[in-house]
Amino acid sequence: MKIPSGRGLSRLGPRGTFGMALLDAAKESDRIVGLTADLAITSGMERFRVQMPERFFNVGIAEQNLVGIAAGLADDGWIPFATTFANFAAMRSCEFVRHHLGYMQQNVKIVGIGAGFAMGQFGNTHYSLEDVGVLRSIPNLTIVSPADCSEVYAAVYAIAASFAPTYLRLSGVPSMPCVDQEGTSFNLGEARVLRSGTDVTFIGTGSMVSVAVRAANQLTARGLSVGVVNMHTLKPIDELVLNGLVGQTAALVTIEEHSVIGGLGSAVAEVVAAVMAAPPLLRLGVCDAFPKVGSYEYALEQCGLVDNVIATAVERWVRGAA
């Protein structure tokens, strides 16, 4: 697998990148099939539909059937990638995901597009701020949340090669910033440590990794030693990296385009809470409320998920706790 230019993929956005990666992977593996709940264009699968019509299935606006049909194909030896909006994948189809992917362990790859605030003006009916919290408790389910479009491309290949039932969470929008991950490889379940710091370490996932990097740059300029970890796999979470941060950094901050309940922050807290003398943890994300509807940028600003606001809040917290 050779990943195309990160900047070129960024212009496509996470959905366009997913569609390109799926088509490329399907050319190498004749067992890959694509399914969608009437979202071929929206999920970036239009070229797949045109070039591989015999391996493409549009089940219509029937997300529960989407999972069931994908499970049937998996049971016959296919590797199905099933796409719909993240909120419908996680919540409308939850029982089907639990039964077919969790309990039966069918090798289905659910792709939740438009996660977080990516649906903008469509509002809270289409925002996906609870999906990780809903799905994380289901046994045998891998959850992946790529940090940038290059990682989306790599993730498609990685989960296609894995026999684990998987939820691929696509957050962010076109022109999604590239994250500097040079020299690190993408492996499921293995976090990417982008830099180390002794005062505070950001643990980010999905679209918020690039925000964490920019906030870290600001805090470094203010005299703090700041680390950044890209936790692209939310389940199984990399406990080895998390345990390694204990004693290395004085404080931890999680940041996610998701509710602070049940997502990355909760997963990290569950690990470090069992460690004696673990550093304090600040969880940043969407508070326990439905935010006001607006553009993607407005939603992030409303929830304080922008680099300058995060840098200021974390500096006050760290210096106040010191």
# chains A, B, ... in the order shown; residues from 1 in each chain; ligands from 1
$ residues_around --residues "range 123-129 of chain A" --least-positions-apart "5" --cutoff "12 Å" --atoms "only C-alpha atoms" --output "number ranges by chain"
A: 84-92, 112-118, 134-135, 169-172, 256-264, 285-296, 298-299, 303
$ residues_around --residues "Ser196 in chain A" --least-positions-apart "5" --cutoff "8 Å" --atoms "only C-alpha atoms" --output "list in words"
Thr201, Ser225, Val226, Gly227 and Val228 of chain A
$ residues_around --residues "Tyr167 in chain A" --least-positions-apart "4" --cutoff "6 Å" --atoms "only C-alpha atoms" --output "number ranges by chain"
A: 109-111, 143
$ closest_residue --among "A:Gly320, A:Pro279, A:Pro236, A:Pro139" --to "Arg98 in chain A" --atoms "only C-alpha atoms"
A:Pro139
$ atom_distance --atom1 "CA of Ala62 in chain A" --atom2 "CA of Ala158 in chain A"
27.4 Å
$ atom_distance --atom1 "CA of Tyr153 in chain A" --atom2 "CA of Pro14 in chain A"
8.6 Å
$ atom_distance --atom1 "CA of Asn243 in chain A" --atom2 "CA of Ala277 in chain A"
11.2 Å
$ select_by_dssp --residues "range 49-223 of chain A" --states "alpha helix (DSSP H)" --output "PyMOL selection string"
chain A and resi 49-51+63-75+86-87+94-96+131-135+149-161+208-221
$ write_last_selection --atoms "C-alpha atoms" --output "PDB file, in the first residue's frame"
ATOM      1  CA  ARG A  49     -20.326   2.003  -7.636  1.00  0.00           C
ATOM      2  CA  VAL A  50     -19.442   2.823 -11.247  1.00  0.00           C
ATOM      3  CA  GLN A  51     -16.286   0.732 -11.518  1.00  0.00           C
ATOM      4  CA  GLU A  63     -29.796   1.198   8.190  1.00  0.00           C
ATOM      5  CA  GLN A  64     -30.726  -1.869  10.227  1.00  0.00           C
ATOM      6  CA  ASN A  65     -31.042  -3.917   7.046  1.00  0.00           C
ATOM      7  CA  LEU A  66     -27.683  -2.470   5.973  1.00  0.00           C
ATOM      8  CA  VAL A  67     -25.995  -4.155   8.928  1.00  0.00           C
ATOM      9  CA  GLY A  68     -27.961  -7.375   8.524  1.00  0.00           C
ATOM     10  CA  ILE A  69     -27.170  -7.712   4.807  1.00  0.00           C
ATOM     11  CA  ALA A  70     -23.518  -6.899   5.451  1.00  0.00           C
ATOM     12  CA  ALA A  71     -23.447  -9.623   8.112  1.00  0.00           C
ATOM     13  CA  GLY A  72     -24.883 -12.130   5.650  1.00  0.00           C
ATOM     14  CA  LEU A  73     -22.203 -11.265   3.118  1.00  0.00           C
ATOM     15  CA  ALA A  74     -19.507 -11.582   5.783  1.00  0.00           C
ATOM     16  CA  ASP A  75     -20.848 -14.992   6.747  1.00  0.00           C
ATOM     17  CA  ALA A  86     -22.454   7.883  12.039  1.00  0.00           C
ATOM     18  CA  ASN A  87     -25.483   8.628  14.196  1.00  0.00           C
ATOM     19  CA  CYS A  94     -27.276  -0.508  17.547  1.00  0.00           C
ATOM     20  CA  GLU A  95     -29.054  -3.803  18.253  1.00  0.00           C
ATOM     21  CA  PHE A  96     -28.028  -5.171  14.854  1.00  0.00           C
ATOM     22  CA  ASP A 131     -21.652   7.039  18.834  1.00  0.00           C
ATOM     23  CA  VAL A 132     -18.432   5.946  20.540  1.00  0.00           C
ATOM     24  CA  GLY A 133     -20.165   5.902  23.917  1.00  0.00           C
ATOM     25  CA  VAL A 134     -22.968   3.762  22.508  1.00  0.00           C
ATOM     26  CA  LEU A 135     -20.734   1.256  20.717  1.00  0.00           C
ATOM     27  CA  CYS A 149      -7.031  11.791   5.585  1.00  0.00           C
ATOM     28  CA  SER A 150      -3.750   9.909   5.187  1.00  0.00           C
ATOM     29  CA  GLU A 151      -4.721   7.951   8.271  1.00  0.00           C
ATOM     30  CA  VAL A 152      -8.212   7.336   6.844  1.00  0.00           C
ATOM     31  CA  TYR A 153      -6.548   5.757   3.809  1.00  0.00           C
ATOM     32  CA  ALA A 154      -4.240   3.619   5.962  1.00  0.00           C
ATOM     33  CA  ALA A 155      -7.100   2.630   8.257  1.00  0.00           C
ATOM     34  CA  VAL A 156      -9.183   1.244   5.380  1.00  0.00           C
ATOM     35  CA  TYR A 157      -6.371  -1.116   4.411  1.00  0.00           C
ATOM     36  CA  ALA A 158      -5.694  -2.054   8.043  1.00  0.00           C
ATOM     37  CA  ILE A 159      -9.274  -2.949   8.900  1.00  0.00           C
ATOM     38  CA  ALA A 160      -9.751  -4.768   5.579  1.00  0.00           C
ATOM     39  CA  ALA A 161      -6.814  -7.001   6.543  1.00  0.00           C
ATOM     40  CA  MET A 208      -9.158  16.828  17.286  1.00  0.00           C
ATOM     41  CA  VAL A 209      -5.596  15.520  16.958  1.00  0.00           C
ATOM     42  CA  SER A 210      -4.619  18.411  14.688  1.00  0.00           C
ATOM     43  CA  VAL A 211      -6.291  20.830  17.118  1.00  0.00           C
ATOM     44  CA  ALA A 212      -4.279  19.277  19.953  1.00  0.00           C
ATOM     45  CA  VAL A 213      -1.063  19.755  17.975  1.00  0.00           C
ATOM     46  CA  ARG A 214      -1.807  23.448  17.415  1.00  0.00           C
ATOM     47  CA  ALA A 215      -2.756  23.964  21.079  1.00  0.00           C
ATOM     48  CA  ALA A 216       0.445  22.196  22.106  1.00  0.00           C
ATOM     49  CA  ASN A 217       2.475  24.546  19.913  1.00  0.00           C
ATOM     50  CA  GLN A 218       0.924  27.537  21.685  1.00  0.00           C
ATOM     51  CA  LEU A 219       1.585  26.093  25.122  1.00  0.00           C
ATOM     52  CA  THR A 220       5.171  25.276  24.185  1.00  0.00           C
ATOM     53  CA  ALA A 221       5.646  28.912  23.210  1.00  0.00           C
TER      54      ALA A 221
END
$ closest_residue --among "A:Gly189, A:Gly19, A:Gly44, A:Pro174" --to "Val144 in chain A" --atoms "only C-alpha atoms"
A:Gly189
$ residues_around --residues "Ser10 in chain A" --least-positions-apart "6" --cutoff "10 Å" --atoms "only C-alpha atoms" --output "PDB file with N, CA and C atoms, in the first residue's frame"
ATOM      1  N   GLY A  16     -14.278  11.439   0.866  1.00  0.00           N
ATOM      2  CA  GLY A  16     -13.678  11.210  -0.448  1.00  0.00           C
ATOM      3  C   GLY A  16     -12.471  10.303  -0.357  1.00  0.00           C
ATOM      4  N   THR A  17     -11.675  10.492   0.693  1.00  0.00           N
ATOM      5  CA  THR A  17     -10.504   9.643   0.898  1.00  0.00           C
ATOM      6  C   THR A  17     -10.914   8.205   1.160  1.00  0.00           C
ATOM      7  N   ASP A 148      -6.348  12.139  10.350  1.00  0.00           N
ATOM      8  CA  ASP A 148      -6.333  12.936   9.119  1.00  0.00           C
ATOM      9  C   ASP A 148      -6.618  12.019   7.942  1.00  0.00           C
ATOM     10  N   CYS A 149      -6.609  12.573   6.743  1.00  0.00           N
ATOM     11  CA  CYS A 149      -7.031  11.791   5.585  1.00  0.00           C
ATOM     12  C   CYS A 149      -6.021  10.710   5.208  1.00  0.00           C
ATOM     13  N   SER A 150      -4.740  10.964   5.420  1.00  0.00           N
ATOM     14  CA  SER A 150      -3.750   9.909   5.187  1.00  0.00           C
ATOM     15  C   SER A 150      -4.024   8.726   6.096  1.00  0.00           C
ATOM     16  N   VAL A 173     -14.004  17.465   8.051  1.00  0.00           N
ATOM     17  CA  VAL A 173     -14.620  17.935   6.813  1.00  0.00           C
ATOM     18  C   VAL A 173     -13.533  18.109   5.748  1.00  0.00           C
ATOM     19  N   PRO A 174     -13.913  18.381   4.475  1.00  0.00           N
ATOM     20  CA  PRO A 174     -12.885  18.632   3.459  1.00  0.00           C
ATOM     21  C   PRO A 174     -11.898  19.719   3.892  1.00  0.00           C
ATOM     22  N   SER A 175     -10.668  19.596   3.406  1.00  0.00           N
ATOM     23  CA  SER A 175      -9.539  20.438   3.837  1.00  0.00           C
ATOM     24  C   SER A 175      -9.171  20.154   5.281  1.00  0.00           C
ATOM     25  N   MET A 176      -9.415  18.929   5.711  1.00  0.00           N
ATOM     26  CA  MET A 176      -9.027  18.477   7.046  1.00  0.00           C
ATOM     27  C   MET A 176      -7.513  18.595   7.181  1.00  0.00           C
ATOM     28  N   PRO A 177      -7.015  19.266   8.227  1.00  0.00           N
ATOM     29  CA  PRO A 177      -5.572  19.468   8.358  1.00  0.00           C
ATOM     30  C   PRO A 177      -4.798  18.151   8.432  1.00  0.00           C
ATOM     31  N   CYS A 178      -3.598  18.163   7.858  1.00  0.00           N
ATOM     32  CA  CYS A 178      -2.713  17.012   7.972  1.00  0.00           C
ATOM     33  C   CYS A 178      -2.012  17.053   9.331  1.00  0.00           C
TER      34      CYS A 178
END
$ residues_around --residues "Leu194 in chain A" --least-positions-apart "3" --cutoff "7 Å" --atoms "only C-alpha atoms" --output "JSON, numbers by chain"
{"A": [181, 228, 229, 230]}
$ write_last_selection --atoms "N, CA and C atoms" --output "CSV table (one decimal), in the first residue's frame"
chain,number,residue,atom,x,y,z
A,181,GLN,N,2.9,13.0,11.2
A,181,GLN,CA,3.1,11.7,11.8
A,181,GLN,C,4.3,11.0,11.2
A,228,VAL,N,1.9,15.1,22.8
A,228,VAL,CA,0.7,14.9,22.0
A,228,VAL,C,0.7,13.4,21.6
A,229,VAL,N,-0.5,12.7,21.8
A,229,VAL,CA,-0.7,11.3,21.5
A,229,VAL,C,-1.9,11.3,20.6
A,230,ASN,N,-1.7,10.6,19.4
A,230,ASN,CA,-2.9,10.3,18.5
A,230,ASN,C,-3.4,9.0,18.9
$ residues_around --residues "Met276 in chain A" --least-positions-apart "5" --cutoff "12 Å" --atoms "only C-alpha atoms" --output "ChimeraX atom specification"
/A:243,246-247,271
